[in-house]
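J.: Input file: model.csv. Contents: CSV, C-alpha atoms.
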```
chain,number,residue,atom,x,y,z
Q,3,MET,CA,7.7,-6.3,-3.1
Q,4,GLU,CA,10.0,-3.8,-4.7
Q,5,GLN,CA,10.3,-0.3,-3.4
Q,6,PHE,CA,10.9,2.7,-5.7
Q,7,GLN,CA,11.2,6.4,-5.3
Q,8,ILE,CA,8.8,9.0,-6.7
Q,9,GLU,CA,10.2,12.5,-7.3
Q,10,THR,CA,7.3,15.0,-7.3
Q,11,ALA,CA,7.2,18.3,-9.1
Q,12,GLN,CA,8.0,19.9,-5.7
Q,13,ASN,CA,11.3,17.9,-5.5
Q,14,ILE,CA,9.8,15.8,-2.7
Q,15,THR,CA,10.9,12.1,-2.7
Q,16,ILE,CA,8.2,9.6,-1.8
Q,17,SER,CA,8.9,5.9,-1.3
Q,18,GLN,CA,6.3,3.6,-2.8
Q,19,ASN,CA,6.0,-0.2,-2.8
Q,20,THR,CA,5.2,-1.8,-6.2
Q,21,ALA,CA,2.4,-4.3,-6.2
Q,22,HIS,CA,3.5,-7.9,-6.0
Q,23,LEU,CA,3.1,-9.9,-9.2
Q,24,GLY,CA,0.9,-12.3,-7.4
Q,25,GLU,CA,-1.4,-9.5,-6.3
Q,26,ARG,CA,-1.7,-8.3,-9.9
Q,27,MET,CA,-2.5,-11.8,-11.2
Q,28,LEU,CA,-5.2,-12.3,-8.5
Q,29,ALA,CA,-6.7,-8.9,-9.4
Q,30,TYR,CA,-6.6,-9.9,-13.1
Q,31,LEU,CA,-8.4,-13.1,-12.3
Q,32,VAL,CA,-11.1,-11.3,-10.3
Q,33,ASP,CA,-11.6,-8.8,-13.1
Q,34,SER,CA,-11.7,-11.5,-15.7
Q,35,LEU,CA,-14.4,-13.4,-13.8
Q,36,ILE,CA,-16.5,-10.2,-13.6
Q,37,ILE,CA,-16.1,-9.6,-17.3
Q,38,ILE,CA,-17.0,-13.2,-18.2
Q,39,ALA,CA,-20.0,-13.2,-15.8
Q,40,TYR,CA,-21.3,-10.0,-17.4
Q,41,THR,CA,-20.8,-11.3,-20.9
Q,42,VAL,CA,-22.6,-14.6,-20.1
Q,43,LEU,CA,-25.5,-12.7,-18.5
Q,44,ALA,CA,-25.8,-10.4,-21.6
Q,45,VAL,CA,-25.9,-13.4,-23.9
Q,46,VAL,CA,-28.6,-15.1,-21.8
Q,47,MET,CA,-30.7,-12.0,-21.8
Q,48,LEU,CA,-30.4,-11.6,-25.6
Q,49,LEU,CA,-31.4,-15.3,-26.1
Q,50,ALA,CA,-34.4,-14.9,-23.8
Q,51,MET,CA,-35.6,-11.9,-25.9
Q,52,ASP,CA,-35.9,-14.1,-29.0
Q,53,LEU,CA,-34.8,-11.4,-31.4
Q,54,ASP,CA,-33.8,-11.6,-35.1
Q,55,PHE,CA,-30.1,-12.4,-35.5
Q,56,SER,CA,-29.3,-9.0,-37.0
Q,57,ASP,CA,-31.0,-7.2,-34.2
Q,58,MET,CA,-29.4,-9.5,-31.6
Q,59,TRP,CA,-25.9,-8.9,-33.0
Q,60,ALA,CA,-26.3,-5.1,-32.9
Q,61,LEU,CA,-27.7,-5.2,-29.4
Q,62,TYR,CA,-24.9,-7.6,-28.3
Q,63,LEU,CA,-22.3,-5.2,-29.5
Q,64,LEU,CA,-24.0,-2.4,-27.5
Q,65,LEU,CA,-24.3,-4.5,-24.3
Q,66,SER,CA,-20.7,-5.7,-24.6
Q,67,LEU,CA,-19.2,-2.2,-24.5
Q,68,PRO,CA,-19.0,-2.1,-20.7
Q,69,ALA,CA,-17.1,-5.4,-20.7
Q,70,PHE,CA,-14.9,-4.3,-23.6
Q,71,LEU,CA,-14.1,-0.9,-21.9
Q,72,TYR,CA,-14.0,-2.4,-18.3
Q,73,TYR,CA,-10.4,-1.5,-17.5
Q,74,VAL,CA,-10.1,1.9,-19.0
Q,75,LEU,CA,-13.5,3.0,-17.6
Q,76,LEU,CA,-13.0,1.8,-14.1
Q,77,GLU,CA,-9.4,2.9,-13.8
Q,78,THR,CA,-10.3,6.4,-15.1
Q,79,PHE,CA,-13.3,6.9,-12.8
Q,80,THR,CA,-12.1,5.1,-9.7
Q,81,ASP,CA,-8.6,6.5,-9.3
Q,82,GLY,CA,-6.6,3.8,-11.0
Q,83,ARG,CA,-8.5,0.8,-9.5
Q,84,THR,CA,-10.7,-2.0,-10.9
Q,85,VAL,CA,-12.8,-4.3,-8.7
Q,86,GLY,CA,-9.9,-6.7,-8.6
Q,87,LYS,CA,-7.3,-4.0,-7.8
Q,88,ALA,CA,-9.5,-2.6,-5.1
Q,89,LEU,CA,-9.8,-6.0,-3.4
Q,90,MET,CA,-6.0,-6.5,-3.6
Q,91,LYS,CA,-5.5,-2.9,-2.4
Q,92,ILE,CA,-3.4,-2.0,-5.4
Q,93,ARG,CA,-3.7,1.0,-7.7
Q,94,VAL,CA,-2.3,2.5,-10.9
Q,95,VAL,CA,-0.1,5.7,-10.4
Q,96,LYS,CA,2.2,7.8,-12.4
Q,97,LEU,CA,5.9,7.4,-11.9
Q,98,ASP,CA,6.4,11.2,-11.4
Q,99,GLY,CA,3.8,11.2,-8.5
Q,100,SER,CA,1.0,12.9,-10.5
Q,101,LYS,CA,-2.4,11.4,-11.0
Q,102,PRO,CA,-2.8,9.5,-14.2
Q,103,GLY,CA,-5.1,11.0,-16.8
Q,104,PHE,CA,-7.4,9.3,-19.3
Q,105,SER,CA,-4.6,9.2,-21.9
Q,106,SER,CA,-2.4,7.1,-19.5
Q,107,TYR,CA,-5.2,4.7,-18.7
Q,108,PHE,CA,-6.1,4.5,-22.4
Q,109,VAL,CA,-2.5,3.6,-23.4
Q,110,ARG,CA,-2.3,0.9,-20.7
Q,111,TRP,CA,-5.6,-0.5,-22.0
Q,112,ILE,CA,-4.7,-0.5,-25.7
Q,113,LEU,CA,-1.3,-2.2,-24.9
Q,114,ARG,CA,-3.1,-4.9,-23.0
Q,115,ILE,CA,-3.4,-6.5,-26.4
Q,116,ILE,CA,0.4,-7.1,-26.4
Q,117,ASP,CA,0.8,-7.6,-22.7
Q,118,VAL,CA,-2.0,-9.9,-22.0
Q,119,VAL,CA,-4.3,-10.9,-24.9
Q,120,LEU,CA,-1.8,-12.0,-27.6
Q,121,SER,CA,0.7,-13.5,-25.2
Q,122,SER,CA,-1.7,-14.9,-22.5
Q,123,GLY,CA,0.0,-12.6,-20.0
Q,124,GLY,CA,3.5,-13.8,-20.8
Q,125,VAL,CA,4.8,-10.5,-22.0
Q,126,ALA,CA,3.4,-8.7,-19.0
Q,127,VAL,CA,4.9,-11.1,-16.5
Q,128,LEU,CA,8.3,-11.1,-18.1
Q,129,THR,CA,8.4,-7.3,-18.4
Q,130,ILE,CA,7.4,-6.8,-14.8
Q,131,LEU,CA,10.0,-9.3,-13.6
Q,132,PHE,CA,12.9,-7.9,-15.6
Q,133,ARG,CA,12.0,-4.2,-16.1
Q,134,GLY,CA,11.6,-3.3,-12.4
Q,135,ASN,CA,9.3,-0.7,-10.9
Q,136,GLY,CA,6.4,-3.0,-11.5
Q,137,GLN,CA,5.9,-2.0,-15.1
Q,138,ARG,CA,4.5,-4.0,-18.0
Q,139,VAL,CA,4.7,-2.7,-21.6
Q,140,GLY,CA,1.6,-0.6,-21.1
Q,141,ASP,CA,3.0,0.9,-18.0
Q,142,ILE,CA,6.3,1.8,-19.7
Q,143,ALA,CA,4.5,3.5,-22.5
Q,144,ALA,CA,2.1,5.4,-20.2
Q,145,GLY,CA,4.7,6.2,-17.6
Q,146,THR,CA,2.7,4.4,-14.9
Q,147,THR,CA,3.1,1.6,-12.5
Q,148,VAL,CA,0.9,-0.3,-10.0
Q,149,ILE,CA,1.6,0.2,-6.3
Q,150,SER,CA,0.4,-1.6,-3.2
Q,151,GLU,CA,-1.5,0.4,-0.7
Q,152,LYS,CA,-1.1,-2.1,2.0
Q,153,LYS,CA,0.9,-0.6,4.9
Q,154,ARG,CA,4.2,-2.4,5.5
Q,155,ILE,CA,4.8,-2.5,9.3
Q,156,SER,CA,8.3,-3.0,10.5
Q,157,LEU,CA,9.6,-3.5,14.0
Q,158,SER,CA,10.6,0.1,14.2
Q,159,ASP,CA,7.0,1.1,13.6
Q,160,THR,CA,5.7,-0.8,16.6
Q,161,LEU,CA,6.2,-0.6,20.3
Q,162,LEU,CA,8.3,-3.8,20.2
Q,163,ARG,CA,12.1,-3.6,20.2
Q,164,ASP,CA,14.6,-6.4,19.6
Q,165,LEU,CA,15.9,-6.8,23.1
Q,166,PRO,CA,18.7,-9.2,24.2
Q,167,ASP,CA,17.7,-12.4,25.9
Q,168,ASP,CA,19.3,-11.3,29.2
Q,169,TYR,CA,17.7,-7.8,29.2
Q,170,THR,CA,16.8,-6.6,32.7
Q,171,PRO,CA,14.2,-3.8,33.0
Q,172,GLN,CA,14.9,-1.0,35.4
Q,173,PHE,CA,11.6,0.8,35.7
Q,174,PRO,CA,8.5,-1.4,36.3
Q,175,GLN,CA,6.5,1.8,36.7
Q,176,VAL,CA,6.4,2.2,32.9
Q,177,THR,CA,3.4,-0.2,32.8
Q,178,VAL,CA,1.2,2.7,34.0
Q,179,PHE,CA,1.3,4.0,30.4
Q,180,LYS,CA,-1.1,2.8,27.7
Q,181,ASP,CA,0.1,1.4,24.4
Q,182,SER,CA,-1.0,4.5,22.5
Q,183,GLU,CA,0.8,6.8,25.0
Q,184,MET,CA,4.0,4.8,24.8
Q,185,GLN,CA,3.8,4.8,21.0
Q,186,THR,CA,3.6,8.6,21.1
Q,187,ILE,CA,6.6,8.8,23.5
Q,188,LYS,CA,8.6,6.5,21.2
Q,189,GLU,CA,7.8,8.4,18.1
Q,190,LEU,CA,8.5,11.8,19.6
Q,191,TYR,CA,11.8,10.5,21.1
Q,192,GLU,CA,13.1,9.0,17.9
Q,193,SER,CA,12.1,12.0,15.9
Q,194,ALA,CA,13.7,14.4,18.4
Q,195,LYS,CA,16.9,12.2,18.4
Q,196,ARG,CA,17.2,12.2,14.6
Q,197,LYS,CA,16.7,16.0,14.5
Q,198,GLY,CA,18.9,16.7,17.6
Q,199,ASN,CA,16.1,18.4,19.4
Q,200,HIS,CA,17.3,17.9,23.0
Q,201,ASN,CA,14.6,20.1,24.5
Q,202,VAL,CA,11.9,17.7,23.4
Q,203,ILE,CA,13.7,14.8,24.9
Q,204,VAL,CA,14.1,16.7,28.2
Q,205,SER,CA,10.4,17.5,28.3
Q,206,LEU,CA,9.6,13.8,27.6
Q,207,SER,CA,11.9,12.7,30.4
Q,208,ASP,CA,10.3,15.1,32.9
Q,209,GLN,CA,6.8,14.1,32.0
Q,210,ILE,CA,7.5,10.4,32.2
Q,211,LYS,CA,9.1,10.9,35.6
Q,212,LYS,CA,6.1,12.8,36.8
Q,213,VAL,CA,3.5,10.4,35.5
Q,214,ALA,CA,5.3,7.2,36.5
Q,215,GLN,CA,6.7,8.7,39.7
Q,216,ILE,CA,10.3,7.7,38.8
Q,217,THR,CA,13.4,9.2,40.4
Q,218,THR,CA,16.6,8.8,38.5
Q,219,ASP,CA,19.9,10.7,37.7
Q,220,MET,CA,20.1,9.2,34.2
Q,221,LYS,CA,20.6,11.6,31.3
Q,222,PRO,CA,17.2,12.3,29.6
Q,223,ILE,CA,18.2,10.8,26.3
Q,224,ASP,CA,19.3,7.5,28.1
Q,225,PHE,CA,16.3,7.5,30.4
Q,226,VAL,CA,13.7,7.8,27.7
Q,227,ASP,CA,15.4,5.1,25.7
Q,228,VAL,CA,15.4,2.8,28.7
Q,229,VAL,CA,11.7,3.5,29.4
Q,230,VAL,CA,10.8,2.5,25.8
Q,231,ASN,CA,12.9,-0.7,26.1
Q,232,ASP,CA,11.4,-1.5,29.5
Q,233,TYR,CA,7.8,-1.1,28.2
Q,234,SER,CA,8.7,-3.3,25.2
Q,235,TYR,CA,10.1,-5.9,27.6
Q,236,TYR,CA,6.9,-6.0,29.7
Q,237,THR,CA,4.7,-6.0,26.7
Q,238,GLN,CA,6.5,-9.1,25.3
Q,239,GLN,CA,6.0,-10.9,28.6
Q,240,LEU,CA,2.2,-10.7,28.3
```
I need this file expressed as structure tokens, please.

T.:
Amino acid sequence: MEQFQIETAQNITISQNTAHLGERMLAYLVDSLIIIAYTVLAVVMLLAMDLDFSDMWALYLLLSLPAFLYYVLLETFTDGRTVGKALMKIRVVKLDGSKPGFSSYFVRWILRIIDVVLSSGGVAVLTILFRGNGQRVGDIAAGTTVISEKKRISLSDTLLRDLPDDYTPQFPQVTVFKDSEMQTIKELYESAKRKGNHNVIVSLSDQIKKVAQITTDMKPIDFVDVVVNDYSYYTQQL
């Protein structure tokens, strides 16, 4: 999963994860099955109606429009998603951070002829692999890409910390806190440490000592760090 940066009109940089090629292929298979099922159902209904060939052909063209326009219609009206994309939790977005308009979805849809239909998906796969940013030819022309909306959780986002094997906890009282409370403490501490906001760390230290009934002469910044480590230690022992 490749990460890229979106630069918004307000000069705010947002990190996004491009959808994995496998996710896009699975979404394509799901959407293809839906289109095939719809088309077969339409044909069965027409045959059951026992119409003249000319009437049947005209009605078939009319009934097949939803299948023909499946991608452009769904992506336009469901915020860059099809049924397959929704199941895979992926979505079409603009590279500049703005919401794609109908013209962007239309360009992607038209160029599916090159990306998918004529090359059996070969051009799309090669372009995504070598272009970067998760873009096939249609995406390059439309200025779009497909992102994954699955949240990537790293160790720093959890209560767990990578502690040495010989780590010795100092404050068993930290187990009085709930996971949600310690997560809040950890996030506030790390944010205050990055911003150099010592007052927040001091307040956290005082509150922890009060709730857990801990007495120590450690500096607030060291104390809160040890508390988080100790809680992580006890959590991993469960």

J.: Return the single residue from Q:Ile216, Q:Met47, Q:Ala126, Q:Val94 that is closest to Thr80 (chain Q), with distances computed using all atoms listed in the file.

T.: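 Checking each candidate against Thr80 (chain Q), we get Q:Val94 as the closest.
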
J.: Choose the residue, out of Q:Glu77, Q:Asp208, Q:Glu189, Q:Asp168, that has the smallest atom-to-atom separation from Phe108 (chain Q); count only C-alpha atoms.

T.: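 The closest residue to Phe108 (chain Q) is Q:Glu77.
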
J.: Would you kindly return, as a list of chain:residue names, each protein, DNA or RNA residue with an atom no farther than 8 Å from any atom of region 137-142 of chain Q, considering all atoms listed in the file and excluding same-chain residues fewer than 4 positions away?

T.: Q:Val109, Q:Arg110, Q:Trp111, Q:Ile112, Q:Leu113, Q:Arg114, Q:Ile116, Q:Asp117, Q:Val125, Q:Ala126, Q:Val127, Q:Thr129, Q:Ile130, Q:Arg133, Q:Thr146, Q:Thr147, Q:Val148

J.: Between CA of Val32 (chain Q) and CA of Thr84 (chain Q), what is the distance, to one decimal in Å?

T.: 9.3 Å

J.: Please report the interatomic distance between CA of Ile149 (chain Q) and CA of Leu75 (chain Q) in Å with one decimal.

T.: 19.1 Å

J.: Find the residues around Tyr236 (chain Q) up to 12 Å (only C-alpha atoms counted), leave out those fewer than 6 positions away in its own chain, and share them as a PyMOL selection string.

T.: chain Q and resi 161-163+165+169-179+181+229-230

J.: With C-alpha atoms kept, could you save the residues just selected as a PDB file, keeping the file's coordinate frame?

T.:
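Heads up, here's the output in result08.pdb:
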```pdb
ATOM      1  CA  LEU Q 161       6.200  -0.600  20.300  1.00  0.00           C
ATOM      2  CA  LEU Q 162       8.300  -3.800  20.200  1.00  0.00           C
ATOM      3  CA  ARG Q 163      12.100  -3.600  20.200  1.00  0.00           C
ATOM      4  CA  LEU Q 165      15.900  -6.800  23.100  1.00  0.00           C
ATOM      5  CA  TYR Q 169      17.700  -7.800  29.200  1.00  0.00           C
ATOM      6  CA  THR Q 170      16.800  -6.600  32.700  1.00  0.00           C
ATOM      7  CA  PRO Q 171      14.200  -3.800  33.000  1.00  0.00           C
ATOM      8  CA  GLN Q 172      14.900  -1.000  35.400  1.00  0.00           C
ATOM      9  CA  PHE Q 173      11.600   0.800  35.700  1.00  0.00           C
ATOM     10  CA  PRO Q 174       8.500  -1.400  36.300  1.00  0.00           C
ATOM     11  CA  GLN Q 175       6.500   1.800  36.700  1.00  0.00           C
ATOM     12  CA  VAL Q 176       6.400   2.200  32.900  1.00  0.00           C
ATOM     13  CA  THR Q 177       3.400  -0.200  32.800  1.00  0.00           C
ATOM     14  CA  VAL Q 178       1.200   2.700  34.000  1.00  0.00           C
ATOM     15  CA  PHE Q 179       1.300   4.000  30.400  1.00  0.00           C
ATOM     16  CA  ASP Q 181       0.100   1.400  24.400  1.00  0.00           C
ATOM     17  CA  VAL Q 229      11.700   3.500  29.400  1.00  0.00           C
ATOM     18  CA  VAL Q 230      10.800   2.500  25.800  1.00  0.00           C
TER      19      VAL Q 230
END
```

J.: Would you work out the distance separating CA of Ile36 (chain Q) from CA of Ser66 (chain Q), expressed in Å to one decimal?

T.: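 So the two atoms, CA of Ile36 (chain Q) and CA of Ser66 (chain Q), lie 12.6 Å apart.
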
J.: Give me the residues within 12 Å of Leu61 (chain Q) as a list of chain:residue names, counting only C-alpha atoms and dropping any in the same chain fewer than 4 places off.

T.: Q:Ala44, Q:Val45, Q:Met47, Q:Leu48, Q:Leu49, Q:Met51, Q:Leu53, Q:Asp54, Q:Phe55, Q:Ser56, Q:Asp57, Q:Leu65, Q:Ser66, Q:Leu67

J.: Could you tell me which of Q:Tyr191, Q:Ala21, Q:Ser121, Q:Asp98 comes closest to Gly145 (chain Q) if we count only C-alpha atoms?

T.: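 Selected residue with least distance to Gly145 (chain Q): Q:Asp98.
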
J.: Around the point (8.6, 9.2, 19.1) (coordinates from the file), which residues reach within 12 Å if we count only C-alpha atoms? Answer as a list in words.

T.: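 Checked against the point, the hits come out as Ser158, Asp159, Thr160, Leu161, Ser182, Glu183, Met184, Gln185, Thr186, Ile187, Lys188, Glu189, Leu190, Tyr191, Glu192, Ser193, Ala194, Lys195, Arg196, Lys197, Asn199, Val202, Ile203, Leu206, Val226, Asp227 and Val230 of chain Q.
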
J.: For Leu23 (chain Q), work out the shell of residues within 9 Å, counting all atoms listed in the file and skipping chain neighbours fewer than 4 positions away, then give it as an MDAnalysis selection string.

T.: chainID Q and resid 3 27:28 127 130:131 136

J.: Take the selection from the previous step and output its residues with C-alpha atoms, as a tab-separated table (two decimals), in the frame of the given file.

T.:
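The result, stored in result_23.tsv:
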```tsv
chain	number	residue	atom	x	y	z
Q	3	MET	CA	7.70	-6.30	-3.10
Q	27	MET	CA	-2.50	-11.80	-11.20
Q	28	LEU	CA	-5.20	-12.30	-8.50
Q	127	VAL	CA	4.90	-11.10	-16.50
Q	130	ILE	CA	7.40	-6.80	-14.80
Q	131	LEU	CA	10.00	-9.30	-13.60
Q	136	GLY	CA	6.40	-3.00	-11.50
```
